[in-house]
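Student: I am sharing start_20.csv, which consists of CSV, N, CA and C atoms:
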chain,number,residue,atom,x,y,z
A,1,MET,N,0.8,-1.2,0.0
A,1,MET,CA,0.0,0.0,0.0
A,1,MET,C,0.9,1.2,0.0
A,2,SER,N,0.4,2.3,-0.7
A,2,SER,CA,1.1,3.5,-0.7
A,2,SER,C,0.4,4.6,0.1
A,3,GLU,N,1.2,5.6,0.5
A,3,GLU,CA,0.6,6.7,1.3
A,3,GLU,C,0.6,7.9,0.3
A,4,LYS,N,-0.5,8.7,0.4
A,4,LYS,CA,-0.5,9.9,-0.3
A,4,LYS,C,-1.4,10.9,0.4
A,5,SER,N,-1.2,12.1,0.1
A,5,SER,CA,-2.1,13.2,0.6
A,5,SER,C,-3.5,13.1,0.0
A,6,LEU,N,-4.4,13.6,0.7
A,6,LEU,CA,-5.8,13.7,0.2
A,6,LEU,C,-5.9,14.4,-1.2
A,7,VAL,N,-5.0,15.4,-1.4
A,7,VAL,CA,-5.1,16.2,-2.7
A,7,VAL,C,-4.6,15.3,-3.9
A,8,GLU,N,-3.9,14.2,-3.6
A,8,GLU,CA,-3.5,13.3,-4.7
A,8,GLU,C,-4.5,12.2,-5.0
A,9,LEU,N,-5.5,12.1,-4.2
A,9,LEU,CA,-6.5,11.1,-4.4
A,9,LEU,C,-7.4,11.5,-5.5
A,10,ARG,N,-7.8,10.5,-6.3
A,10,ARG,CA,-8.8,10.8,-7.4
A,10,ARG,C,-10.2,10.8,-6.9
A,11,VAL,N,-11.1,11.7,-7.5
A,11,VAL,CA,-12.5,11.7,-7.1
A,11,VAL,C,-13.1,10.4,-7.2
A,12,GLY,N,-13.9,10.0,-6.2
A,12,GLY,CA,-14.6,8.7,-6.2
A,12,GLY,C,-13.8,7.6,-5.5
A,13,LEU,N,-12.5,7.8,-5.2
A,13,LEU,CA,-11.7,6.8,-4.5
A,13,LEU,C,-11.7,7.0,-3.0
A,14,SER,N,-11.3,5.9,-2.3
A,14,SER,CA,-11.3,5.9,-0.9
A,14,SER,C,-9.9,5.6,-0.4
A,15,GLY,N,-9.7,6.0,0.9
A,15,GLY,CA,-8.4,5.7,1.5
A,15,GLY,C,-8.6,5.7,3.0
A,16,ARG,N,-7.7,5.1,3.8
A,16,ARG,CA,-7.7,5.1,5.2
A,16,ARG,C,-6.7,6.1,5.7
A,17,ILE,N,-7.2,6.9,6.7
A,17,ILE,CA,-6.3,8.0,7.2
A,17,ILE,C,-5.2,7.3,8.0
A,18,VAL,N,-4.0,7.7,7.7
A,18,VAL,CA,-2.8,7.2,8.4
A,18,VAL,C,-2.4,8.2,9.5
A,19,ARG,N,-2.4,9.5,9.1
A,19,ARG,CA,-2.0,10.6,10.0
A,19,ARG,C,-2.4,11.9,9.5
A,20,LEU,N,-2.5,12.9,10.4
A,20,LEU,CA,-2.8,14.3,10.1
A,20,LEU,C,-1.5,15.1,10.3
A,21,GLU,N,-0.9,15.6,9.2
A,21,GLU,CA,0.3,16.3,9.3
A,21,GLU,C,0.1,17.8,9.5
A,22,THR,N,-0.1,18.2,10.7
A,22,THR,CA,-0.2,19.6,11.1
A,22,THR,C,0.2,19.7,12.6
A,23,HIS,N,0.7,20.8,12.9
A,23,HIS,CA,1.1,21.2,14.3
A,23,HIS,C,0.1,22.1,14.9
A,24,ASP,N,-1.0,22.4,14.1
A,24,ASP,CA,-2.0,23.4,14.5
A,24,ASP,C,-3.0,22.6,15.4
A,25,GLU,N,-2.9,22.7,16.7
A,25,GLU,CA,-3.8,22.0,17.7
A,25,GLU,C,-5.3,22.3,17.4
A,26,THR,N,-5.6,23.5,17.1
A,26,THR,CA,-7.0,23.8,16.8
A,26,THR,C,-7.5,23.0,15.6
A,27,LEU,N,-6.8,23.0,14.6
A,27,LEU,CA,-7.2,22.2,13.4
A,27,LEU,C,-7.3,20.7,13.7
A,28,LEU,N,-6.3,20.2,14.5
A,28,LEU,CA,-6.4,18.8,14.9
A,28,LEU,C,-7.7,18.5,15.6
A,29,ARG,N,-8.0,19.3,16.6
A,29,ARG,CA,-9.2,19.1,17.4
A,29,ARG,C,-10.5,19.2,16.5
A,30,LYS,N,-10.5,20.1,15.5
A,30,LYS,CA,-11.6,20.3,14.6
A,30,LYS,C,-11.8,19.0,13.7
A,31,LEU,N,-10.7,18.6,13.2
A,31,LEU,CA,-10.7,17.4,12.3
A,31,LEU,C,-11.2,16.2,13.1
A,32,THR,N,-10.6,16.0,14.3
A,32,THR,CA,-11.0,14.9,15.1
A,32,THR,C,-12.5,14.9,15.4
A,33,ALA,N,-13.0,16.1,15.8
A,33,ALA,CA,-14.4,16.2,16.1
A,33,ALA,C,-15.3,15.9,14.9
A,34,LEU,N,-14.8,16.1,13.7
A,34,LEU,CA,-15.5,15.8,12.5
A,34,LEU,C,-15.4,14.3,12.1
A,35,GLY,N,-14.7,13.5,12.9
A,35,GLY,CA,-14.5,12.1,12.6
A,35,GLY,C,-13.3,11.8,11.8
A,36,LEU,N,-12.4,12.8,11.5
A,36,LEU,CA,-11.2,12.5,10.7
A,36,LEU,C,-10.1,12.2,11.7
A,37,ALA,N,-9.8,10.9,11.8
A,37,ALA,CA,-8.8,10.5,12.7
A,37,ALA,C,-8.1,9.3,12.1
A,38,PRO,N,-6.8,9.0,12.5
A,38,PRO,CA,-6.2,7.8,12.0
A,38,PRO,C,-7.0,6.6,12.1
A,39,GLY,N,-7.0,5.8,11.1
A,39,GLY,CA,-7.8,4.5,11.1
A,39,GLY,C,-9.1,4.6,10.4
A,40,GLU,N,-9.6,5.9,10.2
A,40,GLU,CA,-10.9,6.1,9.6
A,40,GLU,C,-10.8,6.1,8.1
A,41,GLU,N,-11.8,5.5,7.4
A,41,GLU,CA,-11.8,5.5,6.0
A,41,GLU,C,-12.6,6.7,5.4
A,42,LEU,N,-12.1,7.3,4.4
A,42,LEU,CA,-12.9,8.4,3.8
A,42,LEU,C,-12.9,8.2,2.3
A,43,THR,N,-13.9,8.9,1.7
A,43,THR,CA,-14.1,8.9,0.2
A,43,THR,C,-14.0,10.3,-0.3
A,44,LEU,N,-13.3,10.6,-1.3
A,44,LEU,CA,-13.2,11.9,-1.9
A,44,LEU,C,-14.4,12.1,-2.9
A,45,LEU,N,-15.3,13.0,-2.7
A,45,LEU,CA,-16.4,13.2,-3.5
A,45,LEU,C,-16.2,14.3,-4.6
A,46,GLN,N,-15.4,15.3,-4.2
A,46,GLN,CA,-15.2,16.5,-5.1
A,46,GLN,C,-13.9,17.2,-4.8
A,47,LYS,N,-13.3,17.8,-5.8
A,47,LYS,CA,-12.1,18.6,-5.5
A,47,LYS,C,-12.3,20.1,-5.8
A,48,ILE,N,-13.2,20.5,-6.7
A,48,ILE,CA,-13.3,21.9,-7.0
A,48,ILE,C,-14.8,22.3,-6.7
A,49,PRO,N,-15.0,23.4,-6.1
A,49,PRO,CA,-14.1,24.4,-5.7
A,49,PRO,C,-13.5,24.1,-4.3
A,50,SER,N,-14.0,23.1,-3.6
A,50,SER,CA,-13.3,22.7,-2.4
A,50,SER,C,-13.3,21.2,-2.3
A,51,TYR,N,-12.5,20.6,-1.4
A,51,TYR,CA,-12.5,19.2,-1.3
A,51,TYR,C,-13.7,18.7,-0.4
A,52,ILE,N,-14.5,17.9,-1.0
A,52,ILE,CA,-15.6,17.4,-0.3
A,52,ILE,C,-15.3,15.9,0.0
A,53,ILE,N,-15.4,15.5,1.3
A,53,ILE,CA,-15.1,14.1,1.6
A,53,ILE,C,-16.3,13.5,2.4
A,54,LYS,N,-16.3,12.2,2.4
A,54,LYS,CA,-17.3,11.5,3.2
A,54,LYS,C,-16.6,10.6,4.1
A,55,VAL,N,-16.9,10.8,5.4
A,55,VAL,CA,-16.4,9.9,6.5
A,55,VAL,C,-17.6,9.4,7.2
A,56,GLY,N,-17.8,8.1,7.1
A,56,GLY,CA,-19.0,7.5,7.8
A,56,GLY,C,-20.2,8.1,7.1
A,57,TYR,N,-21.1,8.7,7.9
A,57,TYR,CA,-22.3,9.3,7.3
A,57,TYR,C,-22.2,10.8,7.2
A,58,THR,N,-21.0,11.3,7.4
A,58,THR,CA,-20.7,12.8,7.5
A,58,THR,C,-20.0,13.2,6.2
A,59,GLU,N,-20.4,14.3,5.6
A,59,GLU,CA,-19.8,14.9,4.5
A,59,GLU,C,-19.2,16.2,4.9
A,60,VAL,N,-17.9,16.5,4.6
A,60,VAL,CA,-17.2,17.6,5.1
A,60,VAL,C,-16.5,18.3,3.9
A,61,ALA,N,-16.6,19.7,3.9
A,61,ALA,CA,-15.8,20.5,2.9
A,61,ALA,C,-14.5,21.0,3.6
A,62,LEU,N,-13.4,20.8,2.8
A,62,LEU,CA,-12.1,21.2,3.3
A,62,LEU,C,-11.4,22.1,2.3
A,63,ASP,N,-10.6,23.1,2.8
A,63,ASP,CA,-9.8,23.8,1.9
A,63,ASP,C,-8.6,23.0,1.5
A,64,ARG,N,-7.8,23.5,0.5
A,64,ARG,CA,-6.7,22.7,0.0
A,64,ARG,C,-5.6,22.6,1.1
A,65,GLU,N,-5.4,23.6,1.9
A,65,GLU,CA,-4.4,23.6,2.9
A,65,GLU,C,-4.6,22.5,3.9
A,66,THR,N,-5.9,22.3,4.3
A,66,THR,CA,-6.3,21.3,5.2
A,66,THR,C,-6.2,19.9,4.5
A,67,ALA,N,-6.6,19.8,3.3
A,67,ALA,CA,-6.6,18.5,2.6
A,67,ALA,C,-5.2,18.0,2.4
A,68,VAL,N,-4.2,18.9,2.2
A,68,VAL,CA,-2.8,18.5,2.1
A,68,VAL,C,-2.3,17.8,3.4
A,69,SER,N,-2.8,18.2,4.5
A,69,SER,CA,-2.4,17.6,5.8
A,69,SER,C,-2.9,16.2,6.1
A,70,ILE,N,-3.9,15.7,5.3
A,70,ILE,CA,-4.5,14.4,5.6
A,70,ILE,C,-3.8,13.4,4.7
A,71,ILE,N,-3.1,12.5,5.4
A,71,ILE,CA,-2.3,11.5,4.7
A,71,ILE,C,-3.0,10.1,4.8
A,72,LEU,N,-3.2,9.5,3.6
A,72,LEU,CA,-4.0,8.3,3.5
A,72,LEU,C,-3.2,7.1,3.0
A,73,SER,N,-3.6,6.0,3.4
A,73,SER,CA,-3.1,4.7,2.9
A,73,SER,C,-4.1,4.2,1.8
A,74,CYS,N,-3.5,4.0,0.6
A,74,CYS,CA,-4.4,3.6,-0.5
A,74,CYS,C,-3.9,2.4,-1.2
A,75,ASP,N,-4.8,1.6,-1.8
A,75,ASP,CA,-4.4,0.4,-2.5
A,75,ASP,C,-3.7,0.7,-3.8
Would you mind giving the structure from this file in structure tokens?
Tutor:
Amino acid sequence: MSEKSLVELRVGLSGRIVRLETHDETLLRKLTALGLAPGEELTLLQKIPSYIIKVGYTEVALDRETAVSIILSCD
């Protein structure tokens, strides 16, 4: 399996979160509260104008800066 940033994932594909690469504690708390934590699987629904992902039953819109910090394990 390879690791890649969320911005490298193609629309419609899924990956499992390996880590969140940010030192911003506020952002980490926000992402965790939204269900974005290591081990969780997400699907990329859209890239433009913002990154829309689905985690469980939740859909979340992210800016590119945040999407870059989400590292996934992909097949």
Student: Please identify all polymer residues within 8 Å of range 66-74 of chain A, counting only C-alpha atoms, omitting same-chain residues fewer than 4 positions from it, and present them as a list in words.
Tutor: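 With the cut-off at 8 Å, the set is Met1, Ser2, Glu3, Lys4, Ser5, Leu6, Val7, Ser14, Gly15, Arg16, Ile17, Val18, Arg19, Leu20, Glu21, Thr22, Tyr51 and Leu62 of chain A.
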Student: Of the candidates A:Thr26, A:Thr43, A:Thr58, A:Ser50, which one gets nearest to Val11 in chain A if we count only N, CA and C atoms?
Tutor: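 Closest candidate: A:Thr43.
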Student: DSSP on the backbone: which residues in range 12-69 of chain A end up as strand (DSSP E or B)? Give the answer as an MDAnalysis selection string.
Tutor: chainID A and resid 14:20 41:46 51:55 58:62
Student: Identify, with DSSP run on backbone atoms, the residues in range 1-73 of chain A assigned to helix (DSSP H, G or I), and express the list as a PyMOL selection string.
Tutor: chain A and resi 6-8+25-33+64-68
Student: One number please: CA of Ile53 in chain A to CA of Leu28 in chain A, in Å, one decimal.
Tutor: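 The value is 16.6 Å.
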Student: For a quick check of understanding, using only N, CA and C atoms, which of A:Glu40, A:Ala61, A:Lys47, A:Val55 has the smallest distance to Gly12 in chain A?
Tutor: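 Closest to Gly12 in chain A, using only N, CA and C atoms: A:Lys47.
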Student: Rounded to one decimal place, report the CA of Leu34 in chain A-CA of Lys54 in chain A distance in Å.
Tutor: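 Separation of CA of Leu34 in chain A and CA of Lys54 in chain A: 10.4 Å.
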Student: Between A:Gly56, A:Glu65, A:Ala33, A:Leu44, which has the minimum distance to Leu9 in chain A (counting only N, CA and C atoms)?
Tutor: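 Going through A:Gly56, A:Glu65, A:Ala33, A:Leu44 one by one, the smallest distance to Leu9 in chain A is for A:Leu44.
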Student: Please measure the separation of atom N of Arg10 in chain A and atom C of Leu42 in chain A, giving the value in Å to one decimal.
Tutor: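 Answer for the atom N of Arg10 in chain A to atom C of Leu42 in chain A separation: 10.3 Å.
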